[in-house]
>>> print(open('my_file37.txt').read())   # compact mmCIF, N, CA and C atoms
# COMPACT_ATOMS: atom_id res chain seq x y z
N MET A 1 -21.55 -147.17 68.75
CA MET A 1 -22.91 -146.67 69.02
C MET A 1 -23.72 -146.74 67.72
N SER A 2 -24.94 -147.16 67.83
CA SER A 2 -25.81 -147.28 66.66
C SER A 2 -26.59 -146.00 66.44
N ASP A 3 -27.38 -145.98 65.37
CA ASP A 3 -28.20 -144.81 65.03
C ASP A 3 -29.21 -144.52 66.13
N ARG A 4 -29.60 -143.24 66.24
CA ARG A 4 -30.65 -142.84 67.18
C ARG A 4 -32.00 -143.09 66.54
N VAL A 5 -32.92 -143.57 67.35
CA VAL A 5 -34.27 -143.89 66.91
C VAL A 5 -35.25 -143.13 67.80
N VAL A 6 -36.35 -142.69 67.21
CA VAL A 6 -37.43 -142.03 67.95
C VAL A 6 -38.67 -142.90 67.85
N ALA A 7 -39.40 -143.00 68.96
CA ALA A 7 -40.63 -143.81 68.97
C ALA A 7 -41.70 -143.13 69.80
N GLN A 8 -42.94 -143.50 69.52
CA GLN A 8 -44.09 -143.05 70.30
C GLN A 8 -44.53 -144.19 71.21
N VAL A 9 -44.80 -143.85 72.45
CA VAL A 9 -45.25 -144.83 73.44
C VAL A 9 -46.69 -144.49 73.79
N SER A 10 -47.61 -145.39 73.50
CA SER A 10 -49.02 -145.19 73.86
C SER A 10 -49.23 -145.76 75.26
N LEU A 11 -49.71 -144.91 76.17
CA LEU A 11 -49.90 -145.30 77.56
C LEU A 11 -51.30 -145.86 77.80
N ARG A 12 -51.40 -146.67 78.82
CA ARG A 12 -52.70 -147.20 79.26
C ARG A 12 -53.33 -146.21 80.24
N SER A 13 -54.65 -146.10 80.18
CA SER A 13 -55.37 -145.27 81.14
C SER A 13 -55.49 -146.04 82.45
N ALA A 14 -56.06 -145.41 83.47
CA ALA A 14 -56.27 -146.08 84.75
C ALA A 14 -57.14 -147.33 84.58
N GLU A 15 -58.04 -147.32 83.59
CA GLU A 15 -58.91 -148.47 83.33
C GLU A 15 -58.23 -149.52 82.44
N GLY A 16 -57.03 -149.21 81.96
CA GLY A 16 -56.30 -150.16 81.13
C GLY A 16 -56.45 -149.98 79.64
N SER A 17 -57.22 -148.99 79.20
CA SER A 17 -57.40 -148.76 77.77
C SER A 17 -56.38 -147.72 77.29
N SER A 18 -56.30 -147.54 76.00
CA SER A 18 -55.45 -146.49 75.43
C SER A 18 -56.18 -145.86 74.26
N VAL A 19 -55.63 -144.78 73.74
CA VAL A 19 -56.25 -144.12 72.59
C VAL A 19 -56.31 -145.06 71.39
N LEU A 20 -55.46 -146.05 71.37
CA LEU A 20 -55.46 -147.02 70.26
C LEU A 20 -56.66 -147.95 70.32
N ASP A 21 -57.30 -148.03 71.51
CA ASP A 21 -58.46 -148.90 71.68
C ASP A 21 -59.78 -148.20 71.33
N ALA A 22 -59.73 -146.92 71.08
CA ALA A 22 -60.96 -146.16 70.87
C ALA A 22 -61.73 -146.67 69.66
N ASP A 23 -63.01 -146.98 69.88
CA ASP A 23 -63.86 -147.40 68.76
C ASP A 23 -64.86 -146.31 68.40
N GLU A 24 -64.63 -145.13 68.97
CA GLU A 24 -65.43 -143.96 68.66
C GLU A 24 -64.50 -142.76 68.64
N PRO A 25 -64.88 -141.68 68.01
CA PRO A 25 -64.02 -140.50 68.01
C PRO A 25 -63.75 -140.02 69.44
N ILE A 26 -62.53 -139.60 69.69
CA ILE A 26 -62.19 -139.06 71.01
C ILE A 26 -62.56 -137.59 71.01
N THR A 27 -63.43 -137.22 71.95
CA THR A 27 -63.93 -135.86 72.05
C THR A 27 -63.74 -135.35 73.47
N SER A 28 -64.13 -134.12 73.68
CA SER A 28 -64.04 -133.55 75.03
C SER A 28 -64.94 -134.30 76.02
N ASP A 29 -65.94 -134.99 75.51
CA ASP A 29 -66.84 -135.75 76.38
C ASP A 29 -66.23 -137.06 76.89
N ASN A 30 -65.30 -137.66 76.14
CA ASN A 30 -64.76 -138.95 76.55
C ASN A 30 -63.24 -139.00 76.69
N VAL A 31 -62.56 -137.90 76.50
CA VAL A 31 -61.10 -137.90 76.53
C VAL A 31 -60.54 -138.37 77.86
N ASP A 32 -61.25 -138.10 78.96
CA ASP A 32 -60.77 -138.53 80.27
C ASP A 32 -60.66 -140.04 80.38
N ASP A 33 -61.45 -140.77 79.60
CA ASP A 33 -61.40 -142.22 79.62
C ASP A 33 -60.06 -142.77 79.12
N TYR A 34 -59.31 -141.96 78.39
CA TYR A 34 -58.07 -142.42 77.75
C TYR A 34 -56.82 -141.81 78.38
N ARG A 35 -56.97 -140.94 79.34
CA ARG A 35 -55.81 -140.31 79.98
C ARG A 35 -55.17 -141.23 81.00
N ALA A 36 -53.85 -141.32 80.92
CA ALA A 36 -53.11 -142.07 81.93
C ALA A 36 -52.96 -141.16 83.15
N GLY A 37 -53.01 -141.72 84.32
CA GLY A 37 -52.83 -140.95 85.54
C GLY A 37 -51.38 -140.54 85.73
N THR A 38 -51.16 -139.62 86.63
CA THR A 38 -49.80 -139.14 86.92
C THR A 38 -48.88 -140.29 87.32
N ASN A 39 -49.37 -141.22 88.13
CA ASN A 39 -48.54 -142.34 88.56
C ASN A 39 -48.11 -143.20 87.37
N ALA A 40 -49.02 -143.43 86.43
CA ALA A 40 -48.69 -144.22 85.25
C ALA A 40 -47.67 -143.50 84.36
N ILE A 41 -47.87 -142.20 84.19
CA ILE A 41 -46.93 -141.42 83.36
C ILE A 41 -45.55 -141.45 83.98
N GLU A 42 -45.47 -141.16 85.27
CA GLU A 42 -44.18 -141.15 85.95
C GLU A 42 -43.56 -142.54 86.01
N GLY A 43 -44.40 -143.57 86.22
CA GLY A 43 -43.89 -144.94 86.23
C GLY A 43 -43.31 -145.34 84.89
N ALA A 44 -44.00 -144.97 83.83
CA ALA A 44 -43.51 -145.29 82.48
C ALA A 44 -42.21 -144.56 82.19
N LYS A 45 -42.15 -143.28 82.55
CA LYS A 45 -40.93 -142.50 82.32
C LYS A 45 -39.75 -143.10 83.07
N GLU A 46 -39.97 -143.45 84.33
CA GLU A 46 -38.90 -144.03 85.15
C GLU A 46 -38.44 -145.38 84.58
N ALA A 47 -39.40 -146.22 84.21
CA ALA A 47 -39.06 -147.54 83.66
C ALA A 47 -38.30 -147.40 82.33
N LEU A 48 -38.75 -146.51 81.47
CA LEU A 48 -38.07 -146.32 80.18
C LEU A 48 -36.66 -145.77 80.37
N ARG A 49 -36.50 -144.83 81.28
CA ARG A 49 -35.15 -144.31 81.55
C ARG A 49 -34.28 -145.42 82.11
N GLY A 50 -34.84 -146.26 82.97
CA GLY A 50 -34.09 -147.38 83.53
C GLY A 50 -33.67 -148.39 82.47
N LEU A 51 -34.41 -148.45 81.39
CA LEU A 51 -34.08 -149.35 80.28
C LEU A 51 -33.13 -148.70 79.27
N GLY A 52 -32.74 -147.45 79.53
CA GLY A 52 -31.75 -146.80 78.69
C GLY A 52 -32.28 -145.85 77.64
N PHE A 53 -33.52 -145.41 77.76
CA PHE A 53 -34.10 -144.49 76.78
C PHE A 53 -34.20 -143.08 77.35
N ASP A 54 -34.21 -142.10 76.47
CA ASP A 54 -34.47 -140.71 76.84
C ASP A 54 -35.94 -140.42 76.60
N VAL A 55 -36.59 -139.82 77.58
CA VAL A 55 -37.98 -139.40 77.40
C VAL A 55 -37.93 -137.97 76.87
N VAL A 56 -38.36 -137.80 75.64
CA VAL A 56 -38.26 -136.51 74.95
C VAL A 56 -39.45 -135.62 75.27
N GLN A 57 -40.63 -136.21 75.33
CA GLN A 57 -41.86 -135.44 75.58
C GLN A 57 -42.89 -136.36 76.22
N ALA A 58 -43.71 -135.78 77.10
CA ALA A 58 -44.75 -136.57 77.77
C ALA A 58 -46.09 -135.85 77.66
N SER A 59 -47.14 -136.65 77.51
CA SER A 59 -48.50 -136.13 77.55
C SER A 59 -49.33 -137.11 78.36
N GLU A 60 -50.61 -136.84 78.49
CA GLU A 60 -51.48 -137.71 79.27
C GLU A 60 -51.88 -138.99 78.55
N VAL A 61 -51.52 -139.11 77.29
CA VAL A 61 -51.84 -140.33 76.54
C VAL A 61 -50.61 -141.03 75.98
N GLY A 62 -49.46 -140.39 76.03
CA GLY A 62 -48.28 -141.02 75.46
C GLY A 62 -47.00 -140.27 75.73
N LEU A 63 -45.92 -140.91 75.33
CA LEU A 63 -44.58 -140.35 75.47
C LEU A 63 -43.86 -140.45 74.14
N SER A 64 -42.92 -139.56 73.93
CA SER A 64 -41.97 -139.69 72.83
C SER A 64 -40.64 -140.05 73.48
N ILE A 65 -40.00 -141.08 72.94
CA ILE A 65 -38.72 -141.52 73.49
C ILE A 65 -37.69 -141.62 72.37
N SER A 66 -36.43 -141.60 72.77
CA SER A 66 -35.36 -141.82 71.80
C SER A 66 -34.29 -142.69 72.46
N GLY A 67 -33.52 -143.34 71.61
CA GLY A 67 -32.45 -144.20 72.10
C GLY A 67 -31.71 -144.82 70.94
N ASP A 68 -30.70 -145.57 71.27
CA ASP A 68 -29.92 -146.25 70.25
C ASP A 68 -30.73 -147.36 69.59
N LYS A 69 -30.55 -147.52 68.30
CA LYS A 69 -31.25 -148.56 67.53
C LYS A 69 -31.04 -149.93 68.17
N ASP A 70 -29.81 -150.24 68.53
CA ASP A 70 -29.51 -151.55 69.12
C ASP A 70 -30.28 -151.76 70.42
N ARG A 71 -30.43 -150.70 71.20
CA ARG A 71 -31.15 -150.81 72.48
C ARG A 71 -32.64 -151.07 72.23
N PHE A 72 -33.23 -150.37 71.27
CA PHE A 72 -34.63 -150.62 70.90
C PHE A 72 -34.83 -152.09 70.52
N GLU A 73 -33.93 -152.59 69.68
CA GLU A 73 -34.07 -153.96 69.21
C GLU A 73 -33.95 -154.96 70.37
N GLU A 74 -33.04 -154.69 71.29
CA GLU A 74 -32.85 -155.59 72.43
C GLU A 74 -34.04 -155.56 73.38
N VAL A 75 -34.46 -154.37 73.79
CA VAL A 75 -35.53 -154.23 74.78
C VAL A 75 -36.88 -154.67 74.23
N PHE A 76 -37.18 -154.33 72.99
CA PHE A 76 -38.50 -154.60 72.42
C PHE A 76 -38.51 -155.84 71.52
N ASP A 77 -37.42 -156.62 71.55
CA ASP A 77 -37.33 -157.91 70.87
C ASP A 77 -37.84 -157.83 69.43
N THR A 78 -37.25 -156.90 68.68
CA THR A 78 -37.65 -156.69 67.30
C THR A 78 -36.42 -156.36 66.47
N THR A 79 -36.61 -156.20 65.20
CA THR A 79 -35.56 -155.75 64.29
C THR A 79 -36.07 -154.47 63.63
N LEU A 80 -35.22 -153.45 63.60
CA LEU A 80 -35.58 -152.18 62.98
C LEU A 80 -34.83 -152.01 61.67
N LYS A 81 -35.55 -151.50 60.70
CA LYS A 81 -34.99 -151.25 59.37
C LYS A 81 -35.21 -149.79 59.03
N ALA A 82 -34.18 -149.16 58.49
CA ALA A 82 -34.33 -147.77 58.06
C ALA A 82 -35.32 -147.71 56.90
N ARG A 83 -36.24 -146.77 56.99
CA ARG A 83 -37.18 -146.56 55.88
C ARG A 83 -36.40 -145.94 54.73
N SER A 84 -36.85 -146.17 53.52
CA SER A 84 -36.18 -145.55 52.39
C SER A 84 -36.31 -144.04 52.53
N GLU A 85 -35.23 -143.38 52.26
CA GLU A 85 -35.22 -141.93 52.42
C GLU A 85 -35.91 -141.25 51.24
N SER A 86 -36.55 -140.13 51.52
CA SER A 86 -37.22 -139.40 50.45
C SER A 86 -36.18 -138.74 49.55
N ALA A 87 -36.61 -138.40 48.37
CA ALA A 87 -35.70 -137.81 47.39
C ALA A 87 -35.14 -136.47 47.86
N ASP A 88 -35.88 -135.77 48.74
CA ASP A 88 -35.40 -134.46 49.19
C ASP A 88 -34.71 -134.51 50.55
N ALA A 89 -34.28 -135.72 50.98
CA ALA A 89 -33.58 -135.85 52.26
C ALA A 89 -32.22 -135.15 52.17
N GLU A 90 -31.89 -134.45 53.21
CA GLU A 90 -30.62 -133.73 53.30
C GLU A 90 -29.61 -134.59 54.05
N PRO A 91 -28.32 -134.46 53.73
CA PRO A 91 -27.32 -135.17 54.53
C PRO A 91 -27.45 -134.75 56.00
N GLY A 92 -27.38 -135.71 56.89
CA GLY A 92 -27.51 -135.40 58.31
C GLY A 92 -28.93 -135.47 58.83
N ASP A 93 -29.93 -135.60 57.94
CA ASP A 93 -31.31 -135.74 58.40
C ASP A 93 -31.43 -137.03 59.21
N ARG A 94 -32.26 -136.99 60.24
CA ARG A 94 -32.48 -138.19 61.06
C ARG A 94 -33.26 -139.22 60.25
N ARG A 95 -32.82 -140.46 60.34
CA ARG A 95 -33.51 -141.54 59.64
C ARG A 95 -34.74 -141.96 60.42
N ALA A 96 -35.72 -142.42 59.71
CA ALA A 96 -36.91 -143.01 60.34
C ALA A 96 -36.78 -144.52 60.22
N TYR A 97 -37.26 -145.21 61.23
CA TYR A 97 -37.17 -146.68 61.26
C TYR A 97 -38.54 -147.30 61.35
N GLU A 98 -38.61 -148.55 60.89
CA GLU A 98 -39.82 -149.34 61.05
C GLU A 98 -39.43 -150.71 61.58
N ALA A 99 -40.32 -151.29 62.36
CA ALA A 99 -40.08 -152.63 62.91
C ALA A 99 -40.43 -153.65 61.84
N THR A 100 -39.54 -154.60 61.62
CA THR A 100 -39.80 -155.66 60.65
C THR A 100 -40.43 -156.88 61.32
N GLU A 101 -40.48 -156.87 62.64
CA GLU A 101 -41.12 -157.92 63.43
C GLU A 101 -41.99 -157.22 64.48
N PRO A 102 -43.01 -157.89 65.01
CA PRO A 102 -43.85 -157.24 66.03
C PRO A 102 -43.02 -156.75 67.21
N VAL A 103 -43.37 -155.58 67.70
CA VAL A 103 -42.69 -154.99 68.86
C VAL A 103 -43.29 -155.60 70.12
N GLN A 104 -42.45 -156.14 70.98
CA GLN A 104 -42.89 -156.76 72.22
C GLN A 104 -42.69 -155.79 73.38
N VAL A 105 -43.74 -155.50 74.12
CA VAL A 105 -43.63 -154.64 75.29
C VAL A 105 -43.14 -155.51 76.45
N PRO A 106 -41.97 -155.19 77.02
CA PRO A 106 -41.45 -156.03 78.10
C PRO A 106 -42.29 -155.91 79.38
N ASP A 107 -42.16 -156.92 80.24
CA ASP A 107 -42.92 -156.96 81.49
C ASP A 107 -42.74 -155.69 82.32
N ALA A 108 -41.54 -155.12 82.31
CA ALA A 108 -41.26 -153.92 83.11
C ALA A 108 -42.12 -152.73 82.69
N LEU A 109 -42.68 -152.77 81.47
CA LEU A 109 -43.50 -151.67 80.96
C LEU A 109 -44.97 -152.03 80.78
N ALA A 110 -45.31 -153.30 80.88
CA ALA A 110 -46.64 -153.77 80.52
C ALA A 110 -47.77 -153.09 81.29
N ALA A 111 -47.55 -152.71 82.53
CA ALA A 111 -48.60 -152.07 83.32
C ALA A 111 -48.92 -150.66 82.83
N PHE A 112 -47.96 -150.02 82.16
CA PHE A 112 -48.11 -148.63 81.74
C PHE A 112 -48.31 -148.46 80.24
N VAL A 113 -47.73 -149.35 79.45
CA VAL A 113 -47.59 -149.15 78.01
C VAL A 113 -48.50 -150.10 77.23
N ASP A 114 -49.22 -149.53 76.28
CA ASP A 114 -50.06 -150.34 75.39
C ASP A 114 -49.27 -150.75 74.15
N GLU A 115 -48.57 -149.78 73.54
CA GLU A 115 -47.91 -150.07 72.27
C GLU A 115 -46.78 -149.08 72.02
N ILE A 116 -45.78 -149.53 71.27
CA ILE A 116 -44.67 -148.70 70.82
C ILE A 116 -44.78 -148.61 69.30
N THR A 117 -44.75 -147.39 68.76
CA THR A 117 -44.80 -147.21 67.30
C THR A 117 -43.68 -146.28 66.88
N PHE A 118 -43.33 -146.37 65.62
CA PHE A 118 -42.25 -145.57 65.06
C PHE A 118 -42.85 -144.60 64.04
N PRO A 119 -42.78 -143.30 64.35
CA PRO A 119 -43.45 -142.33 63.47
C PRO A 119 -42.80 -142.24 62.09
N VAL A 120 -43.65 -141.96 61.13
CA VAL A 120 -43.22 -141.75 59.76
C VAL A 120 -43.08 -140.25 59.54
N PRO A 121 -41.91 -139.79 59.10
CA PRO A 121 -41.77 -138.35 58.88
C PRO A 121 -42.65 -137.89 57.71
N PRO A 122 -43.12 -136.66 57.77
CA PRO A 122 -43.99 -136.16 56.70
C PRO A 122 -43.19 -135.96 55.41
N GLU A 123 -43.87 -136.10 54.31
CA GLU A 123 -43.28 -135.77 53.01
C GLU A 123 -43.96 -134.51 52.51
N PHE A 124 -43.15 -133.54 52.15
CA PHE A 124 -43.69 -132.27 51.67
C PHE A 124 -43.61 -132.22 50.15
N HIS A 125 -44.69 -131.80 49.53
CA HIS A 125 -44.73 -131.75 48.07
C HIS A 125 -44.83 -130.33 47.61
>>> encode(input="my_file37.txt", output="structure tokens")
Amino acid sequence: MSDRVVAQVSLRSAEGSSVLDADEPITSDNVDDYRAGTNAIEGAKEALRGLGFDVVQASEVGLSISGDKDRFEEVFDTTLKARSESADAEPGDRRAYEATEPVQVPDALAAFVDEITFPVPPEFH
């Protein structure tokens, strides 16, 4: 079994846009334009689980997922590299990964998912 990886999934709204497409600040006046509908959220969750990922958290604009590094690389046709660990990393801390090649959203997810990103853990000073 390979390392566990966490990723953010940006969902498409009913109109096909996502928060990543916003060319203006997202406010209470326009936030509905970026919300994915219940069917899209549930469809994305079901498809991701079917591909072998755990859905950790869901919102109206995205999901947090986790899974094995090897599975991420296979499904999203990319290579993941561990980010260099910070000087204050503790043994057993979860590693953060970055894609060294563009992440490809497979056809099974294309109707629901705009983009997959790998969060960078905060550094505390």
>>> closest_residue(input="my_file37.txt", among="A:Glu115, A:Ala96, A:Pro106, A:His125", to="A:Arg4", atoms="all atoms listed in the file")
A:Ala96
>>> atom_distance(input="my_file37.txt", atom1="atom CA of A:Ser13", atom2="atom N of A:Ile65")
17.9 Å
>>> closest_residue(input="my_file37.txt", among="A:Val105, A:Glu74, A:Ala99, A:Thr27", to="A:Phe118", atoms="only N, CA and C atoms")
A:Ala99
>>> residues_around(input="my_file37.txt", residues="A:Glu98", least_positions_apart="2", cutoff="8 Å", atoms="only C-alpha atoms", output="PDB file with N, CA and C atoms, keeping the file's coordinate frame")
ATOM      1  N   LEU A  80     -35.220-153.450  63.600  1.00  0.00           N
ATOM      2  CA  LEU A  80     -35.580-152.180  62.980  1.00  0.00           C
ATOM      3  C   LEU A  80     -34.830-152.010  61.670  1.00  0.00           C
ATOM      4  N   LYS A  81     -35.550-151.500  60.700  1.00  0.00           N
ATOM      5  CA  LYS A  81     -34.990-151.250  59.370  1.00  0.00           C
ATOM      6  C   LYS A  81     -35.210-149.790  59.030  1.00  0.00           C
ATOM      7  N   ALA A  82     -34.180-149.160  58.490  1.00  0.00           N
ATOM      8  CA  ALA A  82     -34.330-147.770  58.060  1.00  0.00           C
ATOM      9  C   ALA A  82     -35.320-147.710  56.900  1.00  0.00           C
ATOM     10  N   ARG A  83     -36.240-146.770  56.990  1.00  0.00           N
ATOM     11  CA  ARG A  83     -37.180-146.560  55.880  1.00  0.00           C
ATOM     12  C   ARG A  83     -36.400-145.940  54.730  1.00  0.00           C
ATOM     13  N   ALA A  96     -35.720-142.420  59.710  1.00  0.00           N
ATOM     14  CA  ALA A  96     -36.910-143.010  60.340  1.00  0.00           C
ATOM     15  C   ALA A  96     -36.780-144.520  60.220  1.00  0.00           C
ATOM     16  N   THR A 100     -39.540-154.600  61.620  1.00  0.00           N
ATOM     17  CA  THR A 100     -39.800-155.660  60.650  1.00  0.00           C
ATOM     18  C   THR A 100     -40.430-156.880  61.320  1.00  0.00           C
ATOM     19  N   PHE A 118     -43.330-146.370  65.620  1.00  0.00           N
ATOM     20  CA  PHE A 118     -42.250-145.570  65.060  1.00  0.00           C
ATOM     21  C   PHE A 118     -42.850-144.600  64.040  1.00  0.00           C
TER      22      PHE A 118
END
>>> select_by_dssp(input="my_file37.txt", residues="stretch 43-116 of chain A", states="helix (DSSP H, G or I)", output="number ranges by chain")
A: 43-50, 69-75, 107-110
>>> atom_distance(input="my_file37.txt", atom1="atom CA of A:Val55", atom2="atom CA of A:Glu15")
23.6 Å
>>> residues_near_point(input="my_file37.txt", point="(-44.4, -149.1, 85.3)", cutoff="7 Å", atoms="only C-alpha atoms", output="PyMOL selection string")
chain A and resi 40+43-44+47+108-109+111-112
>>> select_by_dssp(input="my_file37.txt", residues="chain A", states="strand (DSSP E)", output="PyMOL selection string")
chain A and resi 4-11+54-58+62-68+80-82+97-99+113-117
>>> atom_distance(input="my_file37.txt", atom1="atom CA of A:Glu101", atom2="atom CA of A:Glu60")
27.7 Å
>>> closest_residue(input="my_file37.txt", among="A:Arg95, A:Arg49, A:Asp77, A:Gln8", to="A:Gly62", atoms="all atoms listed in the file")
A:Gln8
>>> residues_around(input="my_file37.txt", residues="A:Ala7", least_positions_apart="4", cutoff="6.5 Å", atoms="all atoms listed in the file", output="number ranges by chain")
A: 63-67, 116-119
>>> closest_residue(input="my_file37.txt", among="A:Val75, A:Ala36, A:Val31, A:Val9", to="A:Val103", atoms="only N, CA and C atoms")
A:Val75
>>> axis_aligned_box(input="my_file37.txt", around="stretch 34-41 of chain A", padding_each_side="3 Å", output="JSON")
{"center_x": -52.4, "center_y": -141.7, "center_z": 83.2, "size_x": 19.8, "size_y": 11.1, "size_z": 16.8}
>>> closest_residue(input="my_file37.txt", among="A:Ala14, A:Val6, A:Asn39, A:Val120", to="A:Phe53", atoms="only C-alpha atoms")
A:Val6
>>> decode(input="my_file37.txt", residues="stretch 60-85 of chain A", atoms="N, CA and C atoms", output="compact mmCIF listing (two decimals), in the first residue's frame")
# COMPACT_ATOMS: atom_id res chain seq x y z
N GLU A 60 -20.97 22.64 -1.13
CA GLU A 60 -21.68 22.94 -2.37
C GLU A 60 -20.76 23.36 -3.51
N VAL A 61 -19.48 23.53 -3.24
CA VAL A 61 -18.54 23.91 -4.29
C VAL A 61 -17.40 22.92 -4.46
N GLY A 62 -17.26 21.98 -3.53
CA GLY A 62 -16.15 21.05 -3.65
C GLY A 62 -16.19 19.93 -2.64
N LEU A 63 -15.27 19.01 -2.82
CA LEU A 63 -15.12 17.86 -1.95
C LEU A 63 -13.66 17.74 -1.52
N SER A 64 -13.44 17.15 -0.37
CA SER A 64 -12.11 16.73 0.04
C SER A 64 -12.11 15.21 -0.05
N ILE A 65 -11.08 14.67 -0.70
CA ILE A 65 -10.99 13.22 -0.86
C ILE A 65 -9.63 12.75 -0.40
N SER A 66 -9.55 11.46 -0.10
CA SER A 66 -8.26 10.85 0.23
C SER A 66 -8.20 9.48 -0.41
N GLY A 67 -6.98 9.02 -0.60
CA GLY A 67 -6.77 7.70 -1.20
C GLY A 67 -5.29 7.41 -1.30
N ASP A 68 -5.00 6.23 -1.77
CA ASP A 68 -3.61 5.83 -1.94
C ASP A 68 -2.94 6.63 -3.06
N LYS A 69 -1.69 6.97 -2.86
CA LYS A 69 -0.92 7.72 -3.86
C LYS A 69 -0.96 7.02 -5.21
N ASP A 70 -0.76 5.72 -5.22
CA ASP A 70 -0.76 4.97 -6.48
C ASP A 70 -2.10 5.09 -7.20
N ARG A 71 -3.19 5.09 -6.44
CA ARG A 71 -4.52 5.19 -7.05
C ARG A 71 -4.73 6.57 -7.67
N PHE A 72 -4.30 7.63 -6.97
CA PHE A 72 -4.38 8.98 -7.52
C PHE A 72 -3.63 9.05 -8.86
N GLU A 73 -2.42 8.51 -8.87
CA GLU A 73 -1.61 8.57 -10.08
C GLU A 73 -2.27 7.81 -11.23
N GLU A 74 -2.86 6.67 -10.93
CA GLU A 74 -3.51 5.86 -11.97
C GLU A 74 -4.77 6.55 -12.50
N VAL A 75 -5.65 6.97 -11.61
CA VAL A 75 -6.93 7.54 -12.02
C VAL A 75 -6.77 8.89 -12.70
N PHE A 76 -5.88 9.74 -12.19
CA PHE A 76 -5.74 11.10 -12.70
C PHE A 76 -4.55 11.25 -13.65
N ASP A 77 -3.95 10.13 -14.06
CA ASP A 77 -2.90 10.09 -15.08
C ASP A 77 -1.83 11.15 -14.82
N THR A 78 -1.27 11.10 -13.62
CA THR A 78 -0.25 12.06 -13.23
C THR A 78 0.79 11.36 -12.37
N THR A 79 1.79 12.09 -11.99
CA THR A 79 2.81 11.61 -11.05
C THR A 79 2.81 12.56 -9.86
N LEU A 80 2.79 11.99 -8.66
CA LEU A 80 2.80 12.80 -7.44
C LEU A 80 4.16 12.70 -6.78
N LYS A 81 4.61 13.84 -6.29
CA LYS A 81 5.89 13.92 -5.59
C LYS A 81 5.64 14.53 -4.22
N ALA A 82 6.27 13.95 -3.21
CA ALA A 82 6.14 14.51 -1.87
C ALA A 82 6.81 15.88 -1.83
N ARG A 83 6.11 16.83 -1.25
CA ARG A 83 6.71 18.16 -1.08
C ARG A 83 7.79 18.05 -0.02
N SER A 84 8.77 18.91 -0.08
CA SER A 84 9.80 18.88 0.95
C SER A 84 9.15 19.22 2.28
N GLU A 85 9.54 18.49 3.27
CA GLU A 85 8.93 18.68 4.58
C GLU A 85 9.51 19.90 5.28
